[in-house]
Structures are given as C-alpha cells and as structure tokens.
file input_28.txt (compact mmCIF, C-alpha atoms)
# COMPACT_ATOMS: atom_id res chain seq x y z
CA MET A 1 113.82 94.91 -49.82
CA LYS A 2 117.49 94.49 -49.30
CA LYS A 3 118.04 93.67 -52.98
CA ILE A 4 116.34 96.89 -54.16
CA ASP A 5 118.57 98.95 -51.89
CA MET A 6 121.62 97.37 -53.42
CA GLU A 7 120.44 98.13 -56.97
CA LEU A 8 119.59 101.71 -56.01
CA LEU A 9 123.06 102.16 -54.59
CA VAL A 10 124.66 100.84 -57.77
CA GLY A 11 122.44 103.13 -59.87
CA ILE A 12 123.41 106.19 -57.82
CA PHE A 13 127.04 105.18 -58.09
CA VAL A 14 126.84 104.85 -61.87
CA ILE A 15 125.10 108.22 -62.26
CA ALA A 16 127.69 109.87 -60.01
CA GLY A 17 130.39 108.23 -62.14
CA ILE A 18 128.90 109.63 -65.35
CA PHE A 19 128.77 113.12 -63.85
CA ALA A 20 132.37 112.85 -62.70
CA LEU A 21 133.40 111.72 -66.18
CA GLY A 22 131.53 114.66 -67.73
CA TYR A 23 133.16 117.08 -65.31
CA ILE A 24 136.62 115.72 -66.06
CA SER A 25 136.18 115.89 -69.82
CA VAL A 26 134.88 119.47 -69.66
CA ASN A 27 137.74 120.48 -67.39
CA LEU A 28 140.48 118.77 -69.34
CA GLY A 29 139.11 119.95 -72.67
CA ASP A 30 139.11 123.55 -71.42
CA LEU A 31 135.50 124.00 -72.43
CA ASP A 32 133.55 126.91 -71.05
CA VAL A 33 130.20 125.27 -70.45
CA TRP A 34 128.97 127.92 -68.04
CA GLY A 35 130.14 130.72 -70.34
CA LYS A 36 132.73 132.25 -68.03
CA LYS A 37 132.26 135.99 -67.97
CA GLY A 38 134.96 137.87 -69.83
CA TYR A 39 135.45 140.31 -72.64
CA THR A 40 137.16 139.90 -75.97
CA ILE A 41 139.95 142.12 -77.25
CA TYR A 42 142.03 141.95 -80.39
CA ALA A 43 145.71 142.67 -80.99
CA GLU A 44 147.69 142.72 -84.19
CA PHE A 45 151.24 141.35 -84.20
CA GLU A 46 153.97 141.29 -86.84
CA GLY A 47 154.94 137.79 -85.86
CA ILE A 48 153.72 135.54 -83.11
CA GLY A 49 156.42 132.89 -83.31
CA GLY A 50 154.23 129.87 -82.70
CA LEU A 51 151.63 131.21 -80.27
CA LYS A 52 148.74 128.75 -80.09
CA PRO A 53 145.05 129.21 -79.34
CA GLY A 54 144.52 128.44 -75.67
CA ALA A 55 147.83 130.04 -74.66
CA SER A 56 147.58 132.15 -71.52
CA VAL A 57 147.43 135.92 -71.28
CA GLU A 58 149.35 137.13 -68.25
CA ILE A 59 149.88 140.27 -66.22
CA ALA A 60 152.75 140.08 -63.74
CA GLY A 61 152.80 136.33 -64.24
CA VAL A 62 149.16 135.90 -63.27
CA THR A 63 146.86 134.39 -65.88
CA VAL A 64 144.09 136.86 -66.66
CA GLY A 65 142.74 135.34 -69.84
CA LYS A 66 143.56 133.22 -72.82
CA VAL A 67 144.05 133.33 -76.55
CA LYS A 68 140.80 132.38 -78.27
CA SER A 69 141.80 132.41 -81.92
CA ILE A 70 144.51 133.55 -84.28
CA ARG A 71 144.14 134.47 -87.91
CA LEU A 72 146.08 136.12 -90.70
CA THR A 73 145.03 139.59 -91.82
CA ARG A 74 145.23 140.98 -95.34
CA ASP A 75 148.48 142.77 -94.47
CA TYR A 76 149.99 139.42 -93.52
CA THR A 77 150.05 140.21 -89.85
CA ALA A 78 148.60 138.02 -87.12
CA LEU A 79 145.33 139.06 -85.49
CA VAL A 80 145.04 137.49 -82.06
CA GLU A 81 141.68 137.30 -80.32
CA MET A 82 141.96 137.18 -76.55
CA GLU A 83 139.41 136.63 -73.83
CA ILE A 84 140.16 138.62 -70.68
CA ASN A 85 138.52 138.06 -67.30
CA SER A 86 135.90 140.72 -66.69
CA ASP A 87 137.39 141.72 -63.34
CA VAL A 88 140.62 142.82 -65.05
CA PRO A 89 140.21 146.23 -66.71
CA LEU A 90 142.75 147.13 -69.40
CA GLN A 91 143.67 150.63 -70.57
CA ASP A 92 143.92 151.47 -74.26
CA ASP A 93 147.65 152.18 -73.93
CA ALA A 94 148.44 148.79 -72.42
CA ILE A 95 151.15 146.92 -74.32
CA ALA A 96 150.82 143.27 -75.35
CA SER A 97 154.03 141.33 -75.99
CA ILE A 98 154.62 137.76 -77.07
CA LYS A 99 156.96 136.10 -74.59
CA THR A 100 158.48 132.67 -74.18
CA LYS A 101 158.36 130.68 -70.96
CA GLY A 102 161.98 130.00 -70.18
CA LEU A 103 164.39 129.95 -73.08
CA ILE A 104 162.62 127.47 -75.32
CA GLY A 105 159.29 127.05 -73.58
CA GLU A 106 155.81 127.74 -74.87
CA LYS A 107 154.68 131.16 -76.02
CA TYR A 108 152.27 133.35 -74.11
CA VAL A 109 150.98 136.91 -74.23
CA GLU A 110 152.18 139.32 -71.57
CA ILE A 111 150.32 142.57 -70.98
CA THR A 112 151.87 145.57 -69.27
CA PRO A 113 149.00 147.77 -68.06
CA GLY A 114 148.95 151.40 -69.17
CA GLY A 115 147.85 154.59 -67.47
CA SER A 116 145.23 155.95 -69.84
CA GLU A 117 141.73 156.80 -68.66
CA HIS A 118 140.10 154.98 -71.57
CA LEU A 119 139.42 151.34 -70.82
CA LEU A 120 139.12 148.69 -73.50
CA ALA A 121 135.61 147.38 -74.02
CA ASN A 122 134.41 144.15 -75.55
CA GLY A 123 135.63 143.89 -79.16
CA ASP A 124 138.21 146.70 -78.91
CA LYS A 125 141.68 146.51 -80.35
CA LEU A 126 144.89 146.78 -78.37
CA ARG A 127 147.08 149.01 -80.48
CA GLU A 128 150.46 148.70 -78.79
CA THR A 129 152.06 145.35 -79.44
CA GLU A 130 155.51 143.82 -79.39
CA SER A 131 156.05 140.79 -81.58
CA ALA A 132 157.95 137.68 -80.67
CA VAL A 133 161.68 138.35 -80.62
CA ASP A 134 163.34 136.42 -83.38
CA LEU A 135 166.25 134.86 -81.51
CA GLU A 136 167.74 133.15 -84.55
CA GLY A 137 167.58 136.42 -86.49
CA LEU A 138 169.34 138.32 -83.73
CA LEU A 139 171.89 135.55 -83.37
CA SER A 140 172.68 135.52 -87.06
CA LYS A 141 173.10 139.29 -87.00
CA PHE A 142 175.50 138.90 -84.13
CA VAL A 143 177.40 136.09 -85.79
CA PHE A 144 177.50 137.33 -89.37
CA GLY A 145 177.07 141.04 -88.76
CA LYS A 146 180.66 142.04 -88.29
CA VAL A 147 182.57 142.12 -91.52
CA GLU A 148 185.47 144.24 -90.42
CA MET B 1 139.28 185.60 -118.85
CA ARG B 2 137.27 182.48 -118.18
CA LYS B 3 140.12 180.22 -119.19
CA CYS B 4 142.33 182.10 -116.86
CA PHE B 5 139.87 181.59 -114.04
CA ILE B 6 139.66 177.84 -114.68
CA ALA B 7 143.40 177.57 -114.83
CA PHE B 8 143.71 179.50 -111.61
CA THR B 9 141.12 177.45 -109.71
CA SER B 10 142.53 174.17 -110.94
CA LEU B 11 145.99 175.30 -109.90
CA LEU B 12 144.65 176.27 -106.49
CA PHE B 13 142.89 172.93 -106.24
CA LEU B 14 146.04 171.04 -107.14
CA PHE B 15 147.99 173.03 -104.62
CA LEU B 16 145.44 172.27 -101.92
CA ILE B 17 145.54 168.55 -102.67
CA ALA B 18 149.31 168.57 -102.70
CA SER B 19 149.62 170.46 -99.44
CA ARG B 20 147.00 168.31 -97.76
CA GLY B 21 148.64 165.13 -98.92
CA TYR B 22 151.90 166.44 -97.66
CA CYS B 23 150.51 167.30 -94.26
CA SER B 24 148.55 164.16 -93.59
CA ASP B 25 151.32 161.78 -94.52
CA PRO B 26 153.20 160.52 -91.45
CA MET B 27 155.99 158.87 -93.44
CA GLN B 28 156.72 162.08 -95.31
CA GLN B 29 156.76 164.11 -92.10
CA LEU B 30 159.08 161.65 -90.43
CA ARG B 31 161.36 161.64 -93.44
CA VAL B 32 161.62 165.44 -93.34
CA THR B 33 162.64 165.32 -89.67
CA VAL B 34 165.17 162.54 -90.18
CA ASP B 35 166.65 164.38 -93.17
CA LYS B 36 166.99 167.52 -91.08
CA VAL B 37 168.80 165.56 -88.37
CA ILE B 38 171.21 164.04 -90.87
CA GLU B 39 171.81 167.45 -92.42
CA ILE B 40 172.82 168.85 -89.03
CA LEU B 41 175.10 165.87 -88.39
CA LYS B 42 176.79 166.37 -91.73
CA ARG B 43 177.34 170.10 -91.41
CA PRO B 44 181.11 170.64 -91.49
CA ASP B 45 180.96 173.85 -89.40
CA LEU B 46 179.51 171.84 -86.49
CA LYS B 47 182.09 169.06 -86.53
CA SER B 48 184.55 170.60 -84.07
CA PRO B 49 184.24 169.57 -80.40
CA ASP B 50 183.58 173.12 -79.19
CA LYS B 51 180.43 173.24 -81.31
CA GLU B 52 179.05 170.17 -79.53
CA GLU B 53 176.70 172.25 -77.41
CA LEU B 54 175.24 174.11 -80.38
CA LYS B 55 174.85 170.92 -82.36
CA ARG B 56 172.96 169.24 -79.54
CA LYS B 57 170.72 172.27 -79.21
CA LEU B 58 169.89 172.24 -82.93
CA LEU B 59 169.25 168.50 -82.87
CA GLY B 60 167.02 168.87 -79.84
CA GLU B 61 164.94 171.51 -81.61
CA VAL B 62 164.48 169.44 -84.74
CA ILE B 63 163.65 166.28 -82.83
CA SER B 64 161.11 167.88 -80.52
CA GLU B 65 159.18 169.00 -83.60
CA ARG B 66 158.35 165.39 -84.33
CA PHE B 67 158.66 163.58 -81.00
CA ASP B 68 156.06 164.04 -78.30
CA PHE B 69 158.10 163.63 -75.14
CA GLN B 70 155.19 164.33 -72.84
CA GLU B 71 153.15 161.52 -74.37
CA MET B 72 156.16 159.19 -74.16
CA ALA B 73 156.71 160.05 -70.50
CA ARG B 74 153.02 159.62 -69.74
CA ARG B 75 152.98 156.20 -71.37
CA ALA B 76 156.23 155.14 -69.72
CA LEU B 77 154.98 156.07 -66.25
CA ALA B 78 151.59 154.45 -67.03
CA ARG B 79 149.55 153.89 -63.83
CA HIS B 80 151.78 156.09 -61.76
CA TRP B 81 151.25 159.14 -64.00
CA ARG B 82 147.73 159.67 -62.69
CA LYS B 83 148.84 160.01 -59.09
CA ARG B 84 151.32 162.78 -59.89
CA THR B 85 150.65 166.49 -59.51
CA ASP B 86 151.10 168.84 -62.48
CA GLN B 87 154.37 170.05 -61.04
CA GLU B 88 155.72 166.51 -60.69
CA ARG B 89 154.59 165.62 -64.21
CA LYS B 90 156.40 168.58 -65.69
CA GLU B 91 159.58 167.72 -63.86
CA PHE B 92 159.28 164.08 -64.88
CA VAL B 93 158.84 164.94 -68.56
CA ARG B 94 161.95 167.11 -68.38
CA LEU B 95 164.02 164.36 -66.76
CA PHE B 96 162.71 161.67 -69.10
CA ARG B 97 163.56 163.79 -72.11
CA LYS B 98 167.06 164.35 -70.77
CA LEU B 99 167.44 160.63 -70.22
CA LEU B 100 166.43 159.85 -73.79
CA GLU B 101 168.73 162.53 -75.13
CA ARG B 102 171.62 161.18 -73.13
CA THR B 103 170.96 157.64 -74.26
CA TYR B 104 170.20 158.22 -77.91
CA LEU B 105 171.84 161.49 -79.01
CA ARG B 106 175.27 160.00 -78.54
CA ARG B 107 174.30 157.09 -80.78
CA ILE B 108 172.80 159.41 -83.37
CA GLU B 109 175.98 161.47 -83.37
CA GLN B 110 177.94 158.39 -84.37
CA TYR B 111 176.03 158.45 -87.64
CA SER B 112 178.27 157.57 -90.54
CA ASP B 113 176.46 157.14 -93.82
CA GLU B 114 173.97 154.57 -92.66
CA ARG B 115 171.19 154.19 -95.16
CA ILE B 116 167.60 154.55 -94.04
CA ILE B 117 164.90 152.80 -95.99
CA TYR B 118 161.28 153.76 -95.45
CA LYS B 119 159.39 150.55 -95.97
CA GLU B 120 155.75 151.25 -95.34
CA GLU B 121 153.25 153.21 -93.35
CA ARG B 122 150.04 152.00 -91.83
CA ILE B 123 147.52 154.65 -90.97
CA ASP B 124 144.61 154.00 -88.69
CA PRO B 125 143.50 157.50 -87.67
CA PRO B 126 144.45 159.00 -85.30
CA TYR B 127 147.35 156.51 -85.12
CA ALA B 128 149.98 155.40 -87.59
CA ILE B 129 153.01 153.15 -87.83
CA VAL B 130 155.97 153.94 -90.07
CA LYS B 131 158.34 151.07 -90.65
CA THR B 132 161.94 151.81 -91.50
CA VAL B 133 165.13 149.85 -91.79
CA VAL B 134 168.55 151.26 -91.02
CA ILE B 135 171.35 149.61 -92.97
CA THR B 136 174.75 150.04 -91.42
CA ARG B 137 178.01 150.09 -93.34
CA ASP B 138 178.59 146.42 -92.69
CA SER B 139 175.09 145.91 -94.17
CA VAL B 140 173.39 144.83 -90.98
CA GLU B 141 169.70 145.63 -91.13
CA ILE B 142 168.12 147.13 -88.04
CA PRO B 143 164.35 147.44 -88.22
CA ILE B 144 163.01 150.56 -86.52
CA ASP B 145 159.28 151.22 -86.34
CA TYR B 146 157.83 154.56 -85.31
CA ARG B 147 154.40 154.81 -83.76
CA LEU B 148 152.79 158.16 -84.39
CA MET B 149 149.72 159.99 -83.24
CA GLN B 150 147.90 162.74 -85.09
CA ARG B 151 147.82 166.14 -83.44
CA SER B 152 145.81 168.47 -85.72
CA ASN B 153 147.93 168.48 -88.88
CA ASP B 154 151.07 167.06 -87.37
CA TRP B 155 152.06 163.50 -86.70
CA LYS B 156 153.99 163.03 -83.47
CA VAL B 157 156.05 160.03 -82.50
CA TYR B 158 155.07 158.50 -79.16
CA ASP B 159 156.93 155.19 -79.30
CA VAL B 160 159.91 153.74 -81.15
CA ILE B 161 160.27 150.01 -81.66
CA ILE B 162 163.81 148.85 -82.36
CA GLU B 163 164.32 145.20 -83.26
CA GLY B 164 160.80 144.52 -82.04
CA VAL B 165 161.41 146.01 -78.60
CA SER B 166 159.29 148.97 -77.61
CA LEU B 167 161.04 151.91 -75.97
CA VAL B 168 157.98 152.84 -73.92
CA ASN B 169 157.44 149.29 -72.70
CA ASN B 170 161.08 148.97 -71.72
CA TYR B 171 160.93 152.09 -69.54
CA ARG B 172 157.43 151.29 -68.31
CA LYS B 173 158.62 148.01 -66.79
CA GLN B 174 161.76 149.54 -65.28
CA PHE B 175 159.96 152.53 -63.76
CA ASP B 176 157.20 150.33 -62.40
CA ARG B 177 159.73 148.07 -60.72
CA ILE B 178 161.59 150.97 -59.13
CA ILE B 179 158.41 152.68 -57.90
CA ARG B 180 157.07 149.41 -56.50
CA SER B 181 160.27 148.45 -54.70
CA SER B 182 160.95 151.91 -53.30
CA SER B 183 159.03 155.05 -54.25
CA TYR B 184 158.36 157.61 -56.94
CA LYS B 185 160.76 159.96 -55.23
CA SER B 186 163.63 157.50 -55.50
CA LEU B 187 162.89 157.06 -59.22
CA VAL B 188 163.15 160.81 -59.73
CA ASP B 189 166.34 160.90 -57.66
CA ARG B 190 167.85 158.15 -59.75
CA LEU B 191 166.90 159.86 -63.01
CA ARG B 192 168.31 163.14 -61.76
CA LYS B 193 171.55 161.49 -60.75
CA LYS B 194 171.82 159.91 -64.15
CA VAL B 195 171.19 162.98 -66.28
CA GLU B 196 172.66 165.80 -64.24
call {"tool": "encode", "arguments": {"input": "input_28.txt", "output": "structure tokens"}}
result
Amino acid sequence: MKKIDMELLVGIFVIAGIFALGYISVNLGDLDVWGKKGYTIYAEFEGIGGLKPGASVEIAGVTVGKVKSIRLTRDYTALVEMEINSDVPLQDDAIASIKTKGLIGEKYVEITPGGSEHLLANGDKLRETESAVDLEGLLSKFVFGKVE
Amino acid sequence: MRKCFIAFTSLLFLFLIASRGYCSDPMQQLRVTVDKVIEILKRPDLKSPDKEELKRKLLGEVISERFDFQEMARRALARHWRKRTDQERKEFVRLFRKLLERTYLRRIEQYSDERIIYKEERIDPPYAIVKTVVITRDSVEIPIDYRLMQRSNDWKVYDVIIEGVSLVNNYRKQFDRIIRSSSYKSLVDRLRKKVE
C-alpha cells in the first residue's frame, strides 16, 4: 500500500515536470499556442535597417504587438507584417516608424496614433511610414558635405 | 468631309488623353508648383527688401494651391483634433500654416540654384508618393518625399518627408506632448507667441 503511494507520487511529479517543460518551451519560443487574439496590419518601409521578425511594436513605449514577418516587395521596399493586440485600435492615419533602442540597440516599430475616424481592420495597410534613419549616411553628409 | 471629321475626333481624343494624363499625374502637378515657386524666387523685380511682403504673398498663393494645410493640421493634431470645435479648428489651421511658413519660407528664400531631381512617383489611389532629391551647390543630396492625396482632379500634399523624417509626425509628437503636459489652450498660446 505504501509502495503504490510512492510510485503514484513519482508519476504525478514526472507528469507535472513534463507540463512545466512544455510550458517553458512554449513561453521561451514565443509560440502562440492559444492563438492570442489580435489583428494583422501591413506597412511598407523604404528601409528597415535590420528589423527582425519578433521585434516589438510599441505605442508610448508600451508593447502592443509584434512583427510577424518581413518580405521584399517588387519595388524593393520592405513589407512588414505586424500583429496588433485586438484591444488596441489604430487609425488609418497613424504613423509607423522604425526606431532603435538606445543608440545602437535593437530595432523596433513605434506607432504614433492618428486622429482619423477610420480604424484599421485585419489585413489593412498602414500608409504613413518613416524608415530607419541612416545614421552613417547622415554622418557622412555631415563630414564630407562641406566643400567650401 | 469625312476625313476632316476623323481628324477632328482623333485630335479631340488626343487632347483629352493628354489633358487627363496631365491632370492625374501627381509628379507633374508638383513639378509645376515647384517651378512656379522657383520662378518667383528668381524674379529680379522682387529681389529688393521692400518687396519682401509681396514676394511672400505670391509664394503663399502658389504653395497653397498644392499644399493642403487643413489636412496637415488635422493629421498633426491627431487625436486632439476631434475634441475641437469648428472655431478652434479654423484658428488652429491658421496658426499651423503660419508656423510652417515661418519655418520653411525663410529656407526656401535662401534658394540658390539647387537642383531638384524628380526620381519617381508611386500612385495608390487616392494616395501617392513623389520622391525627389535636392542637390545643393556643394553636391549634398537631400531626399525629400511628398505624400499627396487626390482631391477631384488635383493632388494635394499632406505630408513632407525630409531625410526620412515626417513633418506631420514631428509636429504630432510635439503637440501631443504639450497638450498632455498642460492643455490645448497653452499649445495655441505658444503657437501664437511664436508666429505673431
């Protein structure tokens, strides 16, 4: 009787361990197993300067979504697919900019909300975008620009 | 007689195509406006300091043909635009326009044979982007993109992106910060102080 209890306890412990392992791997891998509710929007940028899928989308510094995928269009611009939390409505004149955390940190997308009455729905495109600022380009203009 | 008729209709047709193409082309419309501005700046009879007022007036007229200041102001004020009364909106558009004129007219007036290259236009009705590059005398290239919106047959500029920085977004962030930290009234007071 006592022996069975011991084995049962070990079994429960092992099963709990497997669940914990599963939970950790899902969490660390950033997988959406439950299909977190959100809507997808697209934005086209001239240059994204090293933005990666999985990067955060922020409003006022608060993460409201993330970059799902990035691909090159036929015009050689970058089309960024973003998933936005469903409780965050965005207007069609909102502006998406690529920003850098700190001076040389990772890239993320910052959205400044607009004031239009039309809200973006699933699959819509955000028209107003600001590309990543090319610091080296600006620097070289500053350094080499002045001839006189 | 019949030949004449065919010639006439084909001529009419050609004319229609030409005029339509002319009207629906944002790059062409922008180019006309920019050319007009440069023409005014180059006019020798407007060079003297006492003609400053007249020159600014002429420039203002030409520019407002192509730039939609109300749309710019609406976009710059963003969320806060909706809470304003019609009277307040009108006043805000006036002040915002003055602010832009003060900031940019002086720079435009310094024009000295910079070359403007029209690179490409991307039309996605009713919106369009026209990409240009200004090349200064020391051959520094400054990319300037215009975002336009179609209003019947005209294309109107509602945002200008210089070196990748949007004018509307710049003001939107500043205005939002001021309104949040104090009030809309203090924003208007500040603008008024700055332009008047």
call {"tool": "closest_atom_pairs", "arguments": {"input": "input_28.txt", "of": "chain A", "to": "chain B", "cutoff": "10 Å", "atoms": "all atoms listed in the file", "output": "CSV"}}
result
residue,atom,partner,partner_atom,distance
A:Glu46,CA,B:Gly164,CA,9.0
A:Gly47,CA,B:Gly164,CA,9.7
A:Asp75,CA,B:Arg122,CA,9.7
A:Gln91,CA,B:Ala78,CA,9.5
A:Asp93,CA,B:Arg75,CA,7.2
A:Ala94,CA,B:Ala78,CA,8.4
A:Ile95,CA,B:Asn169,CA,6.9
A:Ala96,CA,B:Asn169,CA,9.3
A:Ser97,CA,B:Val165,CA,9.1
A:Ile111,CA,B:Asn169,CA,9.9
A:Thr112,CA,B:Asn169,CA,7.5
A:Pro113,CA,B:Ala78,CA,7.2
A:Gly114,CA,B:Ala78,CA,4.6
A:Gly115,CA,B:Ala78,CA,3.8
A:Ser116,CA,B:Ala78,CA,7.1
A:Glu117,CA,B:Arg82,CA,8.9
A:Arg127,CA,B:Tyr127,CA,8.8
A:Glu128,CA,B:Arg147,CA,8.8
A:Thr129,CA,B:Ser166,CA,8.3
A:Glu130,CA,B:Gly164,CA,6.0
A:Ser131,CA,B:Gly164,CA,6.1
A:Ala132,CA,B:Gly164,CA,7.5
A:Val133,CA,B:Gly164,CA,6.4
A:Asp134,CA,B:Gly164,CA,8.6
A:Gly137,CA,B:Glu163,CA,9.9
A:Leu138,CA,B:Glu163,CA,8.5
A:Lys141,CA,B:Val140,CA,6.8
A:Phe142,CA,B:Val140,CA,9.3
A:Phe144,CA,B:Val140,CA,8.7
A:Gly145,CA,B:Val140,CA,5.7
A:Lys146,CA,B:Asp138,CA,6.5
A:Val147,CA,B:Asp138,CA,6.0
A:Glu148,CA,B:Asp138,CA,7.6
call {"tool": "residues_around", "arguments": {"input": "input_28.txt", "residues": "A:Ile70", "least_positions_apart": "5", "cutoff": "7 Å", "atoms": "all atoms listed in the file", "output": "list of chain:residue names"}}
result
A:Pro53, A:Ala78, A:Leu79, A:Val80, A:Glu81
call {"tool": "residues_around", "arguments": {"input": "input_28.txt", "residues": "stretch 31-38 of chain B", "least_positions_apart": "5", "cutoff": "8 Å", "atoms": "only C-alpha atoms", "output": "MDAnalysis selection string"}}
result
chainID B and resid 59 62:63 65:66
call {"tool": "residues_near_point", "arguments": {"input": "input_28.txt", "point": "(165.1, 169.3, -64.7)", "cutoff": "12 Å", "atoms": "all atoms listed in the file", "output": "MDAnalysis selection string"}}
result
chainID B and resid 87:99 188:189 191:196
call {"tool": "residues_near_point", "arguments": {"input": "input_28.txt", "point": "(139.0, 144.2, -70.6)", "cutoff": "6 Å", "atoms": "only C-alpha atoms", "output": "VMD selection string"}}
result
chain A and resid 39 84 88 to 90 120 to 121
call {"tool": "write_last_selection", "arguments": {"input": "input_28.txt", "atoms": "C-alpha atoms", "output": "mmCIF file, in the coordinates of the input"}}
result
data_model
loop_
_atom_site.group_PDB
_atom_site.id
_atom_site.type_symbol
_atom_site.label_atom_id
_atom_site.label_comp_id
_atom_site.auth_asym_id
_atom_site.auth_seq_id
_atom_site.Cartn_x
_atom_site.Cartn_y
_atom_site.Cartn_z
ATOM 1 C CA TYR A 39 135.450 140.310 -72.640
ATOM 2 C CA ILE A 84 140.160 138.620 -70.680
ATOM 3 C CA VAL A 88 140.620 142.820 -65.050
ATOM 4 C CA PRO A 89 140.210 146.230 -66.710
ATOM 5 C CA LEU A 90 142.750 147.130 -69.400
ATOM 6 C CA LEU A 120 139.120 148.690 -73.500
ATOM 7 C CA ALA A 121 135.610 147.380 -74.020
#
call {"tool": "atom_distance", "arguments": {"input": "input_28.txt", "atom1": "atom CA of A:Glu83", "atom2": "atom CA of B:Leu148"}}
result
27.5 Å
call {"tool": "atom_distance", "arguments": {"input": "input_28.txt", "atom1": "atom CA of B:Lys185", "atom2": "atom CA of B:Glu71"}}
result
20.7 Å
call {"tool": "atom_distance", "arguments": {"input": "input_28.txt", "atom1": "atom CA of B:Ile144", "atom2": "atom CA of B:Glu52"}}
result
26.3 Å
call {"tool": "closest_residue", "arguments": {"input": "input_28.txt", "among": "A:Ser69, A:Thr77, A:Ser140, A:Thr63", "to": "A:Leu51", "atoms": "only C-alpha atoms"}}
result
A:Ser69
call {"tool": "decode", "arguments": {"input": "input_28.txt", "residues": "stretch 37-86 of chain B", "atoms": "C-alpha atoms", "output": "PDB file, in the first residue's frame"}}
result
ATOM      1  CA  VAL B  37       7.979  78.889 -56.683  1.00  0.00           C
ATOM      2  CA  ILE B  38      11.451  78.990 -58.201  1.00  0.00           C
ATOM      3  CA  GLU B  39      10.266  81.438 -60.839  1.00  0.00           C
ATOM      4  CA  ILE B  40       9.024  83.809 -58.142  1.00  0.00           C
ATOM      5  CA  LEU B  41      12.293  83.459 -56.223  1.00  0.00           C
ATOM      6  CA  LYS B  42      14.271  84.286 -59.334  1.00  0.00           C
ATOM      7  CA  ARG B  43      12.251  87.314 -60.371  1.00  0.00           C
ATOM      8  CA  PRO B  44      14.637  90.282 -60.287  1.00  0.00           C
ATOM      9  CA  ASP B  45      11.862  92.818 -59.572  1.00  0.00           C
ATOM     10  CA  LEU B  46      11.127  91.032 -56.271  1.00  0.00           C
ATOM     11  CA  LYS B  47      14.712  90.900 -55.033  1.00  0.00           C
ATOM     12  CA  SER B  48      14.714  94.171 -53.093  1.00  0.00           C
ATOM     13  CA  PRO B  49      13.950  94.006 -49.356  1.00  0.00           C
ATOM     14  CA  ASP B  50      10.884  96.256 -49.620  1.00  0.00           C
ATOM     15  CA  LYS B  51       9.243  93.712 -51.922  1.00  0.00           C
ATOM     16  CA  GLU B  52       9.580  91.003 -49.272  1.00  0.00           C
ATOM     17  CA  GLU B  53       5.928  91.258 -48.309  1.00  0.00           C
ATOM     18  CA  LEU B  54       4.697  90.912 -51.883  1.00  0.00           C
ATOM     19  CA  LYS B  55       7.034  88.024 -52.561  1.00  0.00           C
ATOM     20  CA  ARG B  56       5.810  86.145 -49.511  1.00  0.00           C
ATOM     21  CA  LYS B  57       2.221  86.750 -50.545  1.00  0.00           C
ATOM     22  CA  LEU B  58       2.854  85.379 -54.043  1.00  0.00           C
ATOM     23  CA  LEU B  59       4.699  82.373 -52.660  1.00  0.00           C
ATOM     24  CA  GLY B  60       1.890  81.713 -50.211  1.00  0.00           C
ATOM     25  CA  GLU B  61      -0.659  81.720 -53.025  1.00  0.00           C
ATOM     26  CA  VAL B  62       1.307  79.322 -55.186  1.00  0.00           C
ATOM     27  CA  ILE B  63       2.057  76.969 -52.326  1.00  0.00           C
ATOM     28  CA  SER B  64      -1.497  76.787 -51.033  1.00  0.00           C
ATOM     29  CA  GLU B  65      -2.578  75.588 -54.480  1.00  0.00           C
ATOM     30  CA  ARG B  66      -0.691  72.369 -53.886  1.00  0.00           C
ATOM     31  CA  PHE B  67      -0.428  72.019 -50.104  1.00  0.00           C
ATOM     32  CA  ASP B  68      -3.441  71.097 -48.035  1.00  0.00           C
ATOM     33  CA  PHE B  69      -2.756  72.883 -44.770  1.00  0.00           C
ATOM     34  CA  GLN B  70      -6.016  71.826 -43.182  1.00  0.00           C
ATOM     35  CA  GLU B  71      -5.236  68.157 -43.745  1.00  0.00           C
ATOM     36  CA  MET B  72      -1.710  68.682 -42.393  1.00  0.00           C
ATOM     37  CA  ALA B  73      -3.034  70.411 -39.286  1.00  0.00           C
ATOM     38  CA  ARG B  74      -5.649  67.713 -38.771  1.00  0.00           C
ATOM     39  CA  ARG B  75      -3.032  64.986 -39.007  1.00  0.00           C
ATOM     40  CA  ALA B  76      -0.586  66.851 -36.781  1.00  0.00           C
ATOM     41  CA  LEU B  77      -3.172  67.345 -34.045  1.00  0.00           C
ATOM     42  CA  ALA B  78      -4.342  63.713 -34.479  1.00  0.00           C
ATOM     43  CA  ARG B  79      -6.488  62.580 -31.515  1.00  0.00           C
ATOM     44  CA  HIS B  80      -6.933  66.076 -30.211  1.00  0.00           C
ATOM     45  CA  TRP B  81      -8.474  67.342 -33.463  1.00  0.00           C
ATOM     46  CA  ARG B  82     -11.750  65.548 -32.784  1.00  0.00           C
ATOM     47  CA  LYS B  83     -12.323  67.295 -29.481  1.00  0.00           C
ATOM     48  CA  ARG B  84     -12.011  70.765 -31.015  1.00  0.00           C
ATOM     49  CA  THR B  85     -14.919  72.938 -32.120  1.00  0.00           C
ATOM     50  CA  ASP B  86     -15.088  74.256 -35.685  1.00  0.00           C
TER      51      ASP B  86
END
